[in-house]
Every structure is written in C-alpha cells, then in structure tokens.
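**Student:** The following block contains the structure, expressed as structure tokens.
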Amino acid sequence: MSVAGLKKQFHKASQLWSEKISGAEGTKLDEDFTEMERKIEVTNKSVFDLLSKTTEYLQPNPASRAKLGMLNTVSKMRGQVKTTGYPQTEGLLGDCMLRYGQELGEESAFGGALVDMGESMRQMAEIKDSLDINVKQNFIDPLQTLLDKDLKEITHHLKKLEGRRLDFDYKKKRQGKIPDEEIRQAVEKFEESKDLAERSMFNFLENDVEQVSQLSALIEAALEYHRHSSEILEELSAKMQNRISTTSSRPKREFKPKSIMSSFESIDSSQHNGLSYSSSLKSESEVLDQPCCRSLYHFEPENEGELGFKEGDIIILTNQIDENWYEGMINGESGFFPINYVEVIVPLPQ
C-alpha cells in the first residue's frame, strides 16, 4: 500500500474513532438515500433467511440435511459429479409398506392394502423430488444469484461510500491544516460514490418485480406438487374403499384347530436305529487380520453410496468418514453405514 493509501486509512480510522467514542457527528445523507439503504439491508437479510428456510421447507429433518451434506461432500472428494437428493419421508414410508405388504402376500387384505399404499407413497416421493428440483431451479438459484451478484455489488458501493465519507469528514474538520485541493478531491470522490450507490439501489428497488416473479414460481411449484399429490391420494382412497367392500363381502373361513398330539408322531422320523441326530452349532472361530466389524442390526440403504447389510454380517472397514459414519465393504460392494449399527472387532489403525 502506498503512503497516500496509508494516510487515507489513518484518516478514516481516526474519524470513525471520534464518531464512536467522542460522539462526533459525521455528514448526514438525505432521507431518500437513507430509506433506500434501509430497504436494501432488509432485502439482504430476507434473501439470506429465505434461502435457509426454503431448504428447511423442502427437508425439515436437520439430521437428513447434515447426512446429505456429508454424502455430497464425499462424492465431491471422489470426483463424482452426481449429488444425492434428499431422502423423502414419503419414499421411506412407501418402502416400509411395500416390504411388509409383500411379506404378508396378496392373499392378505392388509398386505394388499399396504402394497397399494406403498406404491402411492413412492409416487408422492417422486413428485416431491420434482418439487425440490423445481424450487431449486426457479426460486433458490435465482435468489442465490441475487445475493451473490446484485446485493453484493450494492453492499460494495455502500462500503466504499462510507469509507470516502469518513475521509471527507476528517479533512473537512481540519480545513486550513489540509490543502484545499485534497478536500476538493475528497468531496468529488464522496459525491461519485454516493451517486454510484444511490443509482444501484434505485435500479434494484425499481425492478423488484423479479423477486415477485420468483415468489410466484415457488407458489406454482407448491401448487403443482399438491395437485398431483391430491390426484394420487384420491385414487388411493378409491382403491381402499374397494378393498374394504371386497374384503367385507368375501365368505368367512371356518377355523379348524389341529391337535398337539399329532406332533408326537414325527418323533420317530427324527431317529434312526435308536440314534438321534442333533444339529451342530457353528461358531465363528476365524481370525480376521484386517479392520472389520460385525453388524448389530439390519441396515437398508436409503441413499446412493450407502452400504446395506443384515444383522450378524462381517464388514471390512476401510475408512471412518466422521463420528457418525464408517466406510466399508461386504460381498464385493462398498459404501457408507452408521457407526452405531455395528460392533468393531478389529479397529482401524490410528
């Protein structure tokens, strides 16, 4: 920085100190300028909060947002362009219903109803994914551009204006000690910055119809989502009413109990020449010479990149992502899984 630049920084710091500590009054700008500055500040804060709250609206679960952020970060580290979408609650519920409905079978009225509802929930999850994409493209991204470009530029002009105002006030109060030419230059720069800041704020506030259009796009996306959801639920409701009617009118089966004594007849079939065959218990006695763990629960993958396994499976550990997630491999497949789902047998090297 040049000597002149250092002097200017000193002037601004000295003037700011006298205003904050000594109560010195600086140059006041007109009311119209002050009002525009206030509106810009409120707009800046509103856009920042809207971006955050809209993300929460699309995915209310903070744990899912954190998990998604971790998975996308890992994808970037691996050079993968594709990012993982939010795990929609409708999809998770639908998968649960389908799984148990298929286990119960179509002959079960409850099982068939679960399958119908599970398929509908999956459709609603797909619609929710479309809502996420629509809102991101037509609302979140334009707002982010507004924050990063237009509002950032205005903030830059206002910050520069404040610096030149401090420099001007410092020199004005020392008129006679500072050459008139320096004061004249300070006035010109102050006026120049005020004009730039005022013009940029005026143009932005006059064209705020763009922000109204972005809000309209958010409304249209939500309306489309709820319209499609309503159609799916109405069709599902009709299916349920039909199942209730069909199940209620089917003939009742008669309960026929079976005697316990019949089970004793099979005892002889389990013996041969007076010798009984007993099942042998298989114990895990193999020693693994690499980091590994045993699963405590069944884990069903919800997102791309996660590793599924069943209770009791042995998983080879390859990396610890953070305090909540491991990376491992089983049956030739690799992925991420929760730490609290497993018990470590051989820990990863420190």
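Residues in the structure tokens are numbered from 1 in each chain, the chains being A, B, ... in the order shown, and ligands are numbered from 1 in the order shown.
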Near stretch 86-99 of chain A, within 9 Å and counting only C-alpha atoms, which residues show up once chain neighbours fewer than 6 positions away are dropped, as a PyMOL selection string?
**Tutor:** chain A and resi 58-59+64-65+68+111+113-126+128-129+132+302-303
**Student:** Keeping only C-alpha atoms, take the residues you just selected and write them out as a PDB file, in the first residue's frame.
**Tutor:**
ATOM      1  CA  LEU A  58     -38.006 -28.907   1.368  1.00  0.00           C
ATOM      2  CA  GLN A  59     -36.314 -31.104   4.003  1.00  0.00           C
ATOM      3  CA  SER A  64     -31.152 -35.658   6.902  1.00  0.00           C
ATOM      4  CA  ARG A  65     -29.761 -32.298   5.741  1.00  0.00           C
ATOM      5  CA  LEU A  68     -26.931 -35.319   2.724  1.00  0.00           C
ATOM      6  CA  GLY A 111     -50.907 -56.954   2.870  1.00  0.00           C
ATOM      7  CA  ALA A 113     -53.588 -52.590   1.067  1.00  0.00           C
ATOM      8  CA  LEU A 114     -50.030 -51.979   2.253  1.00  0.00           C
ATOM      9  CA  VAL A 115     -48.705 -52.655  -1.251  1.00  0.00           C
ATOM     10  CA  ASP A 116     -51.234 -50.240  -2.796  1.00  0.00           C
ATOM     11  CA  MET A 117     -50.381 -47.516  -0.318  1.00  0.00           C
ATOM     12  CA  GLY A 118     -46.640 -48.167  -0.561  1.00  0.00           C
ATOM     13  CA  GLU A 119     -46.726 -47.685  -4.339  1.00  0.00           C
ATOM     14  CA  SER A 120     -48.691 -44.447  -3.914  1.00  0.00           C
ATOM     15  CA  MET A 121     -46.207 -43.176  -1.333  1.00  0.00           C
ATOM     16  CA  ARG A 122     -43.367 -43.875  -3.764  1.00  0.00           C
ATOM     17  CA  GLN A 123     -45.184 -41.856  -6.424  1.00  0.00           C
ATOM     18  CA  MET A 124     -45.562 -38.983  -3.965  1.00  0.00           C
ATOM     19  CA  ALA A 125     -41.840 -39.186  -3.199  1.00  0.00           C
ATOM     20  CA  GLU A 126     -41.106 -38.808  -6.917  1.00  0.00           C
ATOM     21  CA  LYS A 128     -41.595 -34.344  -4.009  1.00  0.00           C
ATOM     22  CA  ASP A 129     -38.270 -34.833  -5.818  1.00  0.00           C
ATOM     23  CA  ASP A 132     -37.236 -29.992  -4.887  1.00  0.00           C
ATOM     24  CA  GLU A 302     -31.729 -45.085   1.763  1.00  0.00           C
ATOM     25  CA  ASN A 303     -29.333 -43.107  -0.424  1.00  0.00           C
TER      26      ASN A 303
END
**Student:** One decimal, Å: what's the distance from atom CA of A:Leu218 over to atom CA of A:Phe204, could you say?
**Tutor:**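 Separation of atom CA of A:Leu218 and atom CA of A:Phe204: 21.0 Å.
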**Student:** Return the single residue from A:Gln211, A:Ser200, A:Gln350, A:Gln290 that is closest to A:His156, with distances computed using only C-alpha atoms.
**Tutor:**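 Selected residue with least distance to A:His156: A:Ser200.
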**Student:** Set the distance at 8 Å and use only C-alpha atoms: which residues neighbour A:Leu151 once local chain neighbours fewer than 4 positions away are removed? I'd like the list as a PyMOL selection string.
**Tutor:** chain A and resi 40+44+146-147+155
**Student:** Just write the chosen residues, N, CA and C atoms, as a short mmCIF file (atom, residue, chain, number, x, y, z; two decimals), in the first residue's frame.
**Tutor:**
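Listing of out-v7.cif after writing:
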data_model
loop_
_atom_site.label_atom_id
_atom_site.label_comp_id
_atom_site.auth_asym_id
_atom_site.auth_seq_id
_atom_site.Cartn_x
_atom_site.Cartn_y
_atom_site.Cartn_z
N ILE A 40 -32.57 -1.90 1.30
CA ILE A 40 -31.56 -2.82 0.79
C ILE A 40 -31.07 -3.75 1.90
N ASN A 44 -31.48 -7.73 1.87
CA ASN A 44 -30.31 -8.60 2.03
C ASN A 44 -30.56 -9.67 3.09
N LEU A 146 -29.02 -13.42 -6.85
CA LEU A 146 -29.33 -12.07 -6.39
C LEU A 146 -28.43 -11.68 -5.22
N LEU A 147 -28.24 -12.61 -4.30
CA LEU A 147 -27.41 -12.34 -3.13
C LEU A 147 -25.94 -12.21 -3.51
N THR A 155 -23.72 -3.64 -1.78
CA THR A 155 -23.01 -3.60 -0.49
C THR A 155 -21.60 -3.05 -0.67
#
**Student:** Need to verify the contact set: A:Tyr297, 7 Å, only C-alpha atoms, exclusion of same-chain residues closer than 4 positions in sequence. Can you return it as a PDB file with N, CA and C atoms, in the first residue's frame?
**Tutor:**
ATOM      1  N   LYS A 310     -27.121 -57.265   6.648  1.00  0.00           N
ATOM      2  CA  LYS A 310     -28.051 -57.895   7.572  1.00  0.00           C
ATOM      3  C   LYS A 310     -27.391 -58.052   8.930  1.00  0.00           C
ATOM      4  N   GLU A 311     -28.204 -58.289   9.927  1.00  0.00           N
ATOM      5  CA  GLU A 311     -27.693 -58.476  11.291  1.00  0.00           C
ATOM      6  C   GLU A 311     -26.736 -59.670  11.334  1.00  0.00           C
ATOM      7  N   TYR A 341     -24.543 -48.893  14.149  1.00  0.00           N
ATOM      8  CA  TYR A 341     -25.185 -50.121  13.683  1.00  0.00           C
ATOM      9  C   TYR A 341     -24.244 -51.318  13.779  1.00  0.00           C
TER      10      TYR A 341
END
**Student:** Would you mind reading off the distance between atom CA of A:Ser245 and atom CA of A:Ser229, one decimal, in Å?
**Tutor:** 24.4 Å
**Student:** Of the residues A:Gly112, A:Pro291, A:Gly163, A:Gly26, which is the one nearest to A:Asn319, using only C-alpha atoms?
**Tutor:**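 Using only C-alpha atoms, the shortest distance to A:Asn319 belongs to A:Pro291.
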**Student:** Got a sec: who's within 8 Å of A:Tyr326, counting only C-alpha atoms, leaving out chain neighbours fewer than 2 positions off, as a CSV table (one decimal) with N, CA, C and O atoms, in the first residue's frame?
**Tutor:**
chain,number,residue,atom,x,y,z
A,317,LEU,N,-13.7,-52.9,7.3
A,317,LEU,CA,-13.6,-51.4,7.5
A,317,LEU,C,-12.5,-50.8,6.6
A,317,LEU,O,-11.4,-51.4,6.6
A,318,THR,N,-12.8,-49.8,5.9
A,318,THR,CA,-11.8,-49.1,5.0
A,318,THR,C,-11.5,-47.7,5.4
A,318,THR,O,-10.4,-47.2,5.2
A,319,ASN,N,-12.5,-47.0,6.1
A,319,ASN,CA,-12.3,-45.6,6.5
A,319,ASN,C,-13.4,-45.2,7.4
A,319,ASN,O,-14.5,-45.8,7.4
A,320,GLN,N,-13.1,-44.2,8.2
A,320,GLN,CA,-14.1,-43.6,9.1
A,320,GLN,C,-14.3,-42.1,8.6
A,320,GLN,O,-13.4,-41.3,8.6
A,321,ILE,N,-15.5,-41.9,8.1
A,321,ILE,CA,-15.8,-40.6,7.5
A,321,ILE,C,-15.8,-39.5,8.5
A,321,ILE,O,-15.2,-38.4,8.4
A,322,ASP,N,-16.6,-39.7,9.6
A,322,ASP,CA,-16.7,-38.8,10.7
A,322,ASP,C,-17.1,-39.5,11.9
A,322,ASP,O,-17.1,-40.8,12.0
A,324,ASN,N,-20.0,-40.3,12.9
A,324,ASN,CA,-21.2,-41.0,12.8
A,324,ASN,C,-21.2,-42.1,11.7
A,324,ASN,O,-22.1,-42.9,11.6
A,328,GLY,N,-17.1,-49.0,4.4
A,328,GLY,CA,-16.6,-50.4,4.5
A,328,GLY,C,-17.0,-51.2,3.2
A,328,GLY,O,-17.6,-50.6,2.3
A,336,PHE,N,-21.2,-46.5,2.6
A,336,PHE,CA,-21.2,-45.9,3.9
A,336,PHE,C,-22.3,-46.5,4.8
A,336,PHE,O,-23.3,-46.9,4.3
A,337,PHE,N,-22.0,-46.5,6.1
A,337,PHE,CA,-23.1,-47.0,7.0
A,337,PHE,C,-22.8,-46.4,8.4
A,337,PHE,O,-21.7,-46.0,8.8
A,338,PRO,N,-23.9,-46.3,9.2
A,338,PRO,CA,-23.8,-45.7,10.5
A,338,PRO,C,-22.9,-46.5,11.5
A,338,PRO,O,-23.0,-47.7,11.6
A,339,ILE,N,-22.2,-45.8,12.3
A,339,ILE,CA,-21.3,-46.4,13.3
A,339,ILE,C,-22.0,-47.1,14.3
A,339,ILE,O,-21.6,-48.2,14.8
**Student:** Neighbouring residues of A:Thr54 were defined as those with any atom within 12 Å, considering only C-alpha atoms; residues of the same chain fewer than 3 positions away were excluded. Please report them as a list in words.
**Tutor:**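 Within the cut-off, the hits are Ser46, Val47, Phe48, Asp49, Leu50, Leu51, Tyr57, Leu58, Gln59, Pro60, Leu131, Asp132, Val135, Lys136, Phe139, Ile140, Asp141, Leu143, Gln144, Leu215, Leu218 and Ala222 of chain A.
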**Student:** Please return as an MDAnalysis selection string: the residues of stretch 96-150 of chain A that backbone DSSP assigns to alpha helix (DSSP H).
**Tutor:** chainID A and resid 96:104 109:135 141:145
**Student:** Nearest to A:Phe202 among A:Glu37, A:Glu56, A:Glu25, A:Glu235, with distances taken over only C-alpha atoms: which residue is it?
**Tutor:**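 Under the stated criterion, the closest residue is A:Glu37.
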